[in-house]
>>> print(open('start03.cif').read())   # mmCIF, C-alpha atoms
data_query
loop_
_atom_site.label_atom_id
_atom_site.label_comp_id
_atom_site.auth_asym_id
_atom_site.auth_seq_id
_atom_site.Cartn_x
_atom_site.Cartn_y
_atom_site.Cartn_z
CA MET A 938 -67.07 89.10 68.06
CA PRO A 939 -65.23 85.85 68.96
CA ASP A 940 -64.81 84.77 72.59
CA PRO A 941 -61.42 85.56 74.10
CA PRO A 942 -59.06 82.55 74.44
CA VAL A 943 -59.14 80.68 77.75
CA PRO A 944 -55.87 80.91 79.67
CA PRO A 945 -54.13 77.50 79.90
CA ALA A 946 -54.21 77.58 83.69
CA ALA A 947 -58.00 77.72 83.66
CA VAL A 948 -58.40 74.53 81.59
CA GLN A 949 -59.60 71.70 83.79
CA PRO A 950 -58.37 68.20 82.81
CA LEU A 951 -61.08 65.83 81.67
CA PHE A 952 -59.76 63.06 83.94
CA PRO A 953 -57.94 64.50 86.96
CA PRO A 954 -55.09 62.36 88.30
CA PRO A 955 -56.00 60.09 91.23
CA PRO A 956 -55.05 61.35 94.66
CA ARG A 957 -51.60 60.27 95.80
CA PRO A 958 -51.87 57.43 98.37
CA ALA A 959 -50.87 58.15 101.93
CA PRO A 960 -47.29 57.19 102.78
CA VAL A 961 -46.67 53.77 104.30
CA ARG A 962 -46.23 54.32 108.04
CA VAL A 963 -43.37 52.33 109.59
CA VAL A 964 -42.07 51.55 113.08
CA VAL A 965 -38.41 50.50 113.22
CA ALA A 966 -37.51 48.20 116.15
CA ASP A 967 -33.85 47.33 116.73
CA ASP A 968 -31.71 47.50 119.85
CA ASN A 969 -28.76 48.93 117.89
CA PRO A 970 -29.20 52.74 117.69
CA VAL A 971 -26.93 52.96 114.63
CA VAL A 972 -29.06 50.44 112.74
CA ARG A 973 -32.25 52.25 113.77
CA ALA A 974 -30.90 55.62 112.64
CA GLY A 975 -29.70 54.19 109.33
CA LEU A 976 -33.02 52.52 108.54
CA THR A 977 -34.95 55.63 109.52
CA ALA A 978 -32.81 57.85 107.28
CA LEU A 979 -33.05 55.41 104.39
CA LEU A 980 -36.83 55.00 104.50
CA SER A 981 -37.76 58.55 105.45
CA GLY A 982 -36.01 59.84 102.34
CA ARG A 983 -38.76 58.33 100.15
CA GLU A 984 -41.97 60.17 99.37
CA ASP A 985 -44.25 57.18 99.90
CA ILE A 986 -42.71 55.90 103.18
CA THR A 987 -42.44 57.58 106.56
CA VAL A 988 -41.00 56.29 109.84
CA VAL A 989 -43.40 57.26 112.62
CA ALA A 990 -41.45 55.79 115.57
CA GLU A 991 -38.37 53.87 116.64
CA ALA A 992 -38.08 51.22 119.37
CA ALA A 993 -35.20 49.53 121.17
CA ASP A 994 -36.99 46.31 122.19
CA GLY A 995 -40.23 44.39 121.75
CA ARG A 996 -42.08 46.23 124.51
CA GLU A 997 -41.29 49.65 123.04
CA ALA A 998 -42.27 48.36 119.60
CA TYR A 999 -45.67 47.23 120.87
CA GLU A 1000 -46.28 50.53 122.69
CA ALA A 1001 -45.30 52.48 119.56
CA ALA A 1002 -47.58 50.33 117.40
CA VAL A 1003 -50.54 50.89 119.72
CA ARG A 1004 -49.89 54.63 119.77
CA HIS A 1005 -49.14 55.24 116.08
CA ARG A 1006 -51.03 52.40 114.34
CA PRO A 1007 -48.38 51.89 111.63
CA ASP A 1008 -48.81 49.90 108.46
CA VAL A 1009 -45.53 48.01 108.88
CA VAL A 1010 -43.21 47.12 111.76
CA LEU A 1011 -39.58 46.29 110.93
CA LEU A 1012 -38.61 44.00 113.79
CA ASP A 1013 -35.26 42.63 114.93
CA VAL A 1014 -35.15 39.17 116.53
CA ARG A 1015 -32.56 39.44 119.31
CA MET A 1016 -33.22 42.40 121.58
CA PRO A 1017 -32.85 42.83 125.36
CA GLY A 1018 -35.95 42.59 127.52
CA VAL A 1019 -38.78 41.51 125.23
CA ASP A 1020 -37.23 40.10 122.07
CA GLY A 1021 -38.71 40.16 118.59
CA LEU A 1022 -40.18 36.66 118.60
CA ALA A 1023 -41.96 37.29 121.90
CA ALA A 1024 -43.46 40.57 120.68
CA LEU A 1025 -44.29 39.30 117.19
CA PRO A 1026 -47.75 37.75 117.81
CA HIS A 1027 -48.93 40.93 119.53
CA LEU A 1028 -47.56 43.22 116.83
CA ALA A 1029 -49.02 41.07 114.04
CA ARG A 1030 -52.51 41.90 115.32
CA ILE A 1031 -51.84 45.60 114.72
CA ALA A 1032 -49.67 45.83 111.60
CA GLN A 1033 -47.79 43.86 109.00
CA VAL A 1034 -44.49 42.67 110.46
CA VAL A 1035 -41.25 42.17 108.56
CA MET A 1036 -38.38 40.59 110.47
CA LEU A 1037 -35.24 42.61 109.68
CA THR A 1038 -32.38 40.87 111.43
CA TYR A 1039 -28.96 39.26 111.37
CA SER A 1040 -30.46 35.99 112.68
CA HIS A 1041 -30.56 33.37 109.93
CA GLU A 1042 -30.96 30.13 111.91
CA ALA A 1043 -33.57 27.83 110.37
CA GLU A 1044 -35.60 27.40 113.56
CA ILE A 1045 -35.79 31.18 114.12
CA VAL A 1046 -36.97 31.74 110.54
CA ARG A 1047 -39.69 29.10 110.94
CA ALA A 1048 -40.74 30.45 114.36
CA ALA A 1049 -41.04 33.98 112.94
CA LEU A 1050 -43.21 32.89 110.03
CA ARG A 1051 -45.37 30.75 112.31
CA GLY A 1052 -45.72 33.74 114.64
CA GLY A 1053 -47.24 35.95 111.96
CA ALA A 1054 -44.34 37.66 110.18
CA GLY A 1055 -45.14 38.55 106.59
CA GLY A 1056 -41.50 38.70 105.55
CA TYR A 1057 -38.01 37.80 106.72
CA LEU A 1058 -35.01 39.87 105.59
CA VAL A 1059 -31.47 38.98 106.65
CA HIS A 1060 -29.02 41.90 106.76
CA GLY A 1061 -26.50 41.72 103.94
CA GLU A 1062 -28.89 39.94 101.55
CA PHE A 1063 -30.84 42.92 100.23
CA THR A 1064 -30.26 46.36 98.77
CA ALA A 1065 -31.77 49.63 99.97
CA GLU A 1066 -34.25 49.59 97.09
CA GLU A 1067 -35.25 45.99 97.84
CA LEU A 1068 -35.94 46.96 101.45
CA ALA A 1069 -38.17 49.83 100.34
CA SER A 1070 -39.98 47.51 97.92
CA ALA A 1071 -40.53 44.98 100.70
CA VAL A 1072 -42.07 47.67 102.91
CA ARG A 1073 -44.43 48.75 100.12
CA ASP A 1074 -45.32 45.23 99.00
CA ILE A 1075 -46.02 43.83 102.45
CA THR A 1076 -48.97 46.21 102.76
CA ARG A 1077 -50.39 44.60 99.61
CA GLY A 1078 -50.09 41.09 100.98
CA ARG A 1079 -46.89 40.18 99.13
CA ALA A 1080 -44.43 38.27 101.28
CA HIS A 1081 -40.71 39.02 101.02
CA LEU A 1082 -37.95 36.54 101.93
CA THR A 1083 -34.24 37.00 101.34
CA PRO A 1084 -32.33 33.95 100.01
CA THR A 1085 -31.42 32.41 103.39
CA ALA A 1086 -35.01 32.56 104.64
CA ALA A 1087 -36.42 31.33 101.34
CA THR A 1088 -34.08 28.33 101.42
CA VAL A 1089 -35.27 27.42 104.92
CA VAL A 1090 -38.90 27.64 103.86
CA MET A 1091 -38.38 25.47 100.79
CA ALA A 1092 -36.45 22.85 102.78
CA HIS A 1093 -39.20 22.76 105.39
CA LEU A 1094 -41.95 22.40 102.79
CA TYR A 1095 -40.08 19.58 101.05
CA THR A 1096 -39.38 17.77 104.32
CA ASP A 1097 -42.94 18.20 105.53
CA ALA A 1098 -44.32 16.85 102.26
CA THR A 1099 -42.12 13.76 102.30
CA ALA A 1100 -42.77 13.18 106.00
CA HIS A 1101 -46.52 13.04 105.43
CA ALA A 1102 -46.45 11.10 102.18
CA GLU A 1103 -46.20 7.74 103.95
CA THR A 1104 -46.17 6.06 100.56
CA ASP A 1105 -43.99 2.99 100.23
CA PRO A 1106 -42.24 3.49 96.87
CA THR A 1107 -41.92 -0.27 96.33
CA SER A 1108 -45.72 -0.56 96.24
CA LEU A 1109 -45.55 1.01 92.78
CA PHE A 1110 -43.97 -2.18 91.47
CA PRO A 1111 -45.12 -5.82 91.63
CA ALA A 1112 -43.14 -8.08 93.94
CA THR A 1113 -41.27 -9.66 91.05
CA SER A 1114 -40.11 -6.25 89.83
CA VAL A 1115 -38.84 -5.37 93.32
CA ASN A 1116 -36.69 -8.51 93.37
CA LEU A 1117 -35.30 -7.70 89.91
CA LEU A 1118 -34.53 -4.09 90.85
CA SER A 1119 -32.80 -5.14 94.05
CA GLN A 1120 -30.51 -7.46 92.12
CA MET A 1121 -29.48 -5.03 89.37
CA GLN A 1122 -26.62 -3.55 91.42
CA PRO A 1123 -25.78 -6.14 94.10
CA PRO A 1124 -23.37 -5.08 96.86
CA VAL A 1125 -19.93 -6.67 96.57
CA GLY A 1126 -19.56 -9.82 98.68
CA GLN A 1127 -23.28 -10.40 99.32
CA SER A 1128 -24.91 -13.69 98.51
CA THR A 1129 -28.21 -13.84 96.65
CA ARG A 1130 -30.00 -14.81 99.86
CA GLU A 1131 -28.49 -11.82 101.72
CA ARG A 1132 -29.52 -9.48 98.93
CA GLU A 1133 -33.08 -10.79 98.99
CA ARG A 1134 -33.19 -10.46 102.76
CA ASP A 1135 -31.95 -6.83 102.68
CA ALA A 1136 -34.35 -5.91 99.87
CA GLY A 1137 -37.21 -7.40 101.84
CA THR A 1138 -36.25 -5.44 104.96
CA ARG A 1139 -36.00 -2.12 103.12
CA SER A 1140 -39.26 -2.69 101.29
CA ARG A 1141 -41.11 -2.58 104.61
CA LEU A 1142 -40.27 1.09 105.19
CA SER A 1143 -41.29 4.28 103.37
CA ALA A 1144 -38.61 6.51 101.87
CA ARG A 1145 -38.66 8.81 104.92
CA GLU A 1146 -38.56 5.88 107.36
CA ALA A 1147 -35.62 4.36 105.48
CA GLU A 1148 -33.78 7.68 105.70
CA ILE A 1149 -34.37 7.89 109.45
CA MET A 1150 -33.41 4.24 109.94
CA ASP A 1151 -30.11 4.90 108.18
CA LEU A 1152 -29.49 7.79 110.60
CA ILE A 1153 -30.37 5.59 113.59
CA ALA A 1154 -27.95 2.95 112.32
CA SER A 1155 -25.23 5.62 112.05
CA GLY A 1156 -25.60 6.28 115.79
CA MET A 1157 -27.56 9.54 115.74
CA ASN A 1158 -29.95 10.33 118.60
CA ASN A 1159 -33.43 11.81 118.11
CA GLN A 1160 -32.28 15.42 118.47
CA GLN A 1161 -29.58 14.97 115.84
CA ILE A 1162 -32.00 13.25 113.46
CA ALA A 1163 -34.54 16.06 113.90
CA ALA A 1164 -31.90 18.69 113.06
CA THR A 1165 -30.66 16.73 110.05
CA CYS A 1166 -34.15 16.20 108.61
CA PHE A 1167 -35.62 19.64 109.57
CA ILE A 1168 -38.43 18.02 111.59
CA SER A 1169 -39.41 18.05 115.26
CA GLU A 1170 -38.27 15.44 117.77
CA LYS A 1171 -41.91 14.41 118.18
CA THR A 1172 -42.12 13.63 114.46
CA VAL A 1173 -38.88 11.64 114.73
CA LYS A 1174 -40.35 9.58 117.59
CA ASN A 1175 -43.51 8.90 115.58
CA HIS A 1176 -41.41 7.65 112.66
CA ILE A 1177 -39.32 5.47 114.98
CA ASN A 1178 -42.42 3.88 116.50
CA ARG A 1179 -43.64 2.94 113.02
CA ILE A 1180 -40.18 1.65 112.10
CA PHE A 1181 -40.06 -0.57 115.20
CA ALA A 1182 -43.49 -1.98 114.38
CA LYS A 1183 -42.56 -2.74 110.76
CA LEU A 1184 -39.21 -4.29 111.68
CA HIS A 1185 -40.69 -6.17 114.66
CA SER A 1186 -38.11 -4.57 116.96
CA ALA A 1187 -38.36 -3.37 120.54
CA SER A 1188 -35.24 -1.18 120.63
CA ARG A 1189 -32.90 0.83 118.45
CA SER A 1190 -30.23 -1.90 118.63
CA GLU A 1191 -32.68 -4.58 117.47
CA ALA A 1192 -33.95 -2.37 114.65
CA THR A 1193 -30.39 -1.56 113.59
CA ALA A 1194 -29.41 -5.22 113.66
CA THR A 1195 -32.37 -6.09 111.44
CA TRP A 1196 -31.65 -3.16 109.14
CA LEU A 1197 -27.97 -3.96 108.76
CA GLY A 1198 -28.37 -7.73 108.83
CA THR A 1199 -26.09 -8.07 111.84
CA THR A 1200 -26.46 -9.45 115.36
CA PRO A 1201 -27.84 -7.10 118.05
CA GLY A 1202 -24.48 -6.93 119.79
CA ALA A 1203 -22.82 -5.47 116.74
CA ALA A 1204 -25.35 -2.65 116.22
CA HIS A 1205 -24.85 0.96 117.19
CA ARG A 1206 -26.77 2.01 120.26
CA GLY A 1207 -28.24 5.51 119.86
CA VAL A 1208 -29.67 7.67 122.61
CA GLY A 1209 -33.47 7.84 122.60
#
>>> encode(input="start03.cif", output="structure tokens")
Amino acid sequence: MPDPPVPPAAVQPLFPPPPRPAPVRVVVADDNPVVRAGLTALLSGREDITVVAEAADGREAYEAAVRHRPDVVLLDVRMPGVDGLAALPHLARIAQVVMLTYSHEAEIVRAALRGGAGGYLVHGEFTAEELASAVRDITRGRAHLTPTAATVVMAHLYTDATAHAETDPTSLFPATSVNLLSQMQPPVGQSTRERERDAGTRSRLSAREAEIMDLIASGMNNQQIAATCFISEKTVKNHINRIFAKLHSASRSEATATWLGTTPGAAHRGVG
């Protein structure tokens, strides 16, 4: 007599599906209660994400992180009491931190990334689905930057690379080639001797030093040059010291006079 058929419910799969991963646990920190409520509703409506706590400032965010041990902290920058940047280094020791803020200033973006943030999202530059993806991905070590933050990072990397290159581009060519290149497009009204003198002056400086010397000659002070070039004032001062040494100048006015081929009295005088 044949065996009775096995009911379908009793058939065990050969390869059972893997267990579903635990939801990503999130703390939302923002001083605006409407923003907090909106983010909590948005993220809690997803099966693989859960908001375990909310916080109104950096201190509350740290206390919530210690208590709940979340995977991710969404952190605003400007909050009363302890702000996001002040709390960031402490939170980064506990969880992955994504700055979620309206602040898009270049220095704040750089400070947040230096402080340990794994992502920087500016309100208005991402969709709800992109926010959820950022929360998931940050736990896998994938950084997320919205366009404004990404632009700041790229500008900083480019500036940092050129600032440290310290390679004089004219060294790629023999001296005779430099003279020929400098004469290909002579400025109107300059004599040959003036052109040779200016080419010789510029050949002493690297590309970055020449850029900074042009800004000095325009009358910018160190703070303005630092902001224009996305570098620190200390780096500007280091460049200026090397410029003075190469141009054999003891002051900004002397360096400018040499750079422009004028007399010291006619040069701009910047503020050091």
>>> residues_around(input="start03.cif", residues="range 1061-1069 of chain A", least_positions_apart="6", cutoff="9 Å", atoms="all atoms listed in the file", output="JSON, numbers by chain")
{"A": [979, 980, 983, 986, 1039, 1083, 1084, 1085]}
>>> atom_distance(input="start03.cif", atom1="CA of Leu1012 in chain A", atom2="CA of Asp967 in chain A")
6.5 Å
>>> atom_distance(input="start03.cif", atom1="CA of Met1157 in chain A", atom2="CA of Ala1092 in chain A")
20.6 Å
>>> residues_around(input="start03.cif", residues="Val1046 in chain A", least_positions_apart="6", cutoff="8 Å", atoms="only C-alpha atoms", output="PyMOL selection string")
chain A and resi 1057+1086+1089
>>> resolve_selection(input="start03.cif", expression="the PyMOL selection byres ((chain A and resi 1146) around 9)", output="compact mmCIF listing (two decimals) with C-alpha atoms, in the coordinates of the input")
# COMPACT_ATOMS: atom_id res chain seq x y z
CA ALA A 1100 -42.77 13.18 106.00
CA GLU A 1103 -46.20 7.74 103.95
CA LEU A 1142 -40.27 1.09 105.19
CA SER A 1143 -41.29 4.28 103.37
CA ALA A 1144 -38.61 6.51 101.87
CA ARG A 1145 -38.66 8.81 104.92
CA ALA A 1147 -35.62 4.36 105.48
CA GLU A 1148 -33.78 7.68 105.70
CA ILE A 1149 -34.37 7.89 109.45
CA MET A 1150 -33.41 4.24 109.94
CA ASP A 1151 -30.11 4.90 108.18
CA HIS A 1176 -41.41 7.65 112.66
CA ILE A 1177 -39.32 5.47 114.98
CA ARG A 1179 -43.64 2.94 113.02
CA ILE A 1180 -40.18 1.65 112.10
>>> atom_distance(input="start03.cif", atom1="CA of Asp1013 in chain A", atom2="CA of Gly1078 in chain A")
20.4 Å
>>> residues_around(input="start03.cif", residues="Val1014 in chain A", least_positions_apart="6", cutoff="10 Å", atoms="all atoms listed in the file", output="list in words")
Ala966, Asp967, Asp968, Asp994, Gly995, Asp1020, Gly1021, Leu1022, Ala1023, Ala1024, Leu1025, Met1036, Leu1037, Thr1038, Tyr1039, Ser1040, His1041, Ile1045, Val1046 and Ala1049 of chain A
>>> write_last_selection(input="start03.cif", atoms="C-alpha atoms", output="PDB file, in the frame of the given file")
ATOM      1  CA  ALA A 966     -37.510  48.200 116.150  1.00  0.00           C
ATOM      2  CA  ASP A 967     -33.850  47.330 116.730  1.00  0.00           C
ATOM      3  CA  ASP A 968     -31.710  47.500 119.850  1.00  0.00           C
ATOM      4  CA  ASP A 994     -36.990  46.310 122.190  1.00  0.00           C
ATOM      5  CA  GLY A 995     -40.230  44.390 121.750  1.00  0.00           C
ATOM      6  CA  ASP A1020     -37.230  40.100 122.070  1.00  0.00           C
ATOM      7  CA  GLY A1021     -38.710  40.160 118.590  1.00  0.00           C
ATOM      8  CA  LEU A1022     -40.180  36.660 118.600  1.00  0.00           C
ATOM      9  CA  ALA A1023     -41.960  37.290 121.900  1.00  0.00           C
ATOM     10  CA  ALA A1024     -43.460  40.570 120.680  1.00  0.00           C
ATOM     11  CA  LEU A1025     -44.290  39.300 117.190  1.00  0.00           C
ATOM     12  CA  MET A1036     -38.380  40.590 110.470  1.00  0.00           C
ATOM     13  CA  LEU A1037     -35.240  42.610 109.680  1.00  0.00           C
ATOM     14  CA  THR A1038     -32.380  40.870 111.430  1.00  0.00           C
ATOM     15  CA  TYR A1039     -28.960  39.260 111.370  1.00  0.00           C
ATOM     16  CA  SER A1040     -30.460  35.990 112.680  1.00  0.00           C
ATOM     17  CA  HIS A1041     -30.560  33.370 109.930  1.00  0.00           C
ATOM     18  CA  ILE A1045     -35.790  31.180 114.120  1.00  0.00           C
ATOM     19  CA  VAL A1046     -36.970  31.740 110.540  1.00  0.00           C
ATOM     20  CA  ALA A1049     -41.040  33.980 112.940  1.00  0.00           C
TER      21      ALA A1049
END
>>> residues_around(input="start03.cif", residues="Asn969 in chain A", least_positions_apart="4", cutoff="10 Å", atoms="all atoms listed in the file", output="list in words")
Arg973, Ala974, Ala992, Ala993, Asp994, Asp1013 and Met1016 of chain A
>>> write_last_selection(input="start03.cif", atoms="C-alpha atoms", output="mmCIF file, in the coordinates of the input")
data_model
loop_
_atom_site.group_PDB
_atom_site.id
_atom_site.type_symbol
_atom_site.label_atom_id
_atom_site.label_comp_id
_atom_site.auth_asym_id
_atom_site.auth_seq_id
_atom_site.Cartn_x
_atom_site.Cartn_y
_atom_site.Cartn_z
ATOM 1 C CA ARG A 973 -32.250 52.250 113.770
ATOM 2 C CA ALA A 974 -30.900 55.620 112.640
ATOM 3 C CA ALA A 992 -38.080 51.220 119.370
ATOM 4 C CA ALA A 993 -35.200 49.530 121.170
ATOM 5 C CA ASP A 994 -36.990 46.310 122.190
ATOM 6 C CA ASP A 1013 -35.260 42.630 114.930
ATOM 7 C CA MET A 1016 -33.220 42.400 121.580
#
>>> resolve_selection(input="start03.cif", expression="the PyMOL selection byres ((chain A and resi 959) around 12)", output="list in words")
Pro956, Arg957, Pro958, Pro960, Val961, Arg962, Glu984, Asp985, Ile986, Thr987, Pro1007, Asp1008 and Arg1073 of chain A
>>> write_last_selection(input="start03.cif", atoms="C-alpha atoms", output="PDB file, keeping the file's coordinate frame")
ATOM      1  CA  PRO A 956     -55.050  61.350  94.660  1.00  0.00           C
ATOM      2  CA  ARG A 957     -51.600  60.270  95.800  1.00  0.00           C
ATOM      3  CA  PRO A 958     -51.870  57.430  98.370  1.00  0.00           C
ATOM      4  CA  PRO A 960     -47.290  57.190 102.780  1.00  0.00           C
ATOM      5  CA  VAL A 961     -46.670  53.770 104.300  1.00  0.00           C
ATOM      6  CA  ARG A 962     -46.230  54.320 108.040  1.00  0.00           C
ATOM      7  CA  GLU A 984     -41.970  60.170  99.370  1.00  0.00           C
ATOM      8  CA  ASP A 985     -44.250  57.180  99.900  1.00  0.00           C
ATOM      9  CA  ILE A 986     -42.710  55.900 103.180  1.00  0.00           C
ATOM     10  CA  THR A 987     -42.440  57.580 106.560  1.00  0.00           C
ATOM     11  CA  PRO A1007     -48.380  51.890 111.630  1.00  0.00           C
ATOM     12  CA  ASP A1008     -48.810  49.900 108.460  1.00  0.00           C
ATOM     13  CA  ARG A1073     -44.430  48.750 100.120  1.00  0.00           C
TER      14      ARG A1073
END
>>> resolve_selection(input="start03.cif", expression="the PyMOL selection byres ((chain A and resi 990) around 8)", output="ChimeraX atom specification")
/A:963-965,988-989,991-992,1001,1005
>>> closest_residue(input="start03.cif", among="A:Ala1002, A:Ala1087, A:Val972, A:Leu1028", to="Gly1056 in chain A", atoms="all atoms listed in the file")
A:Ala1087
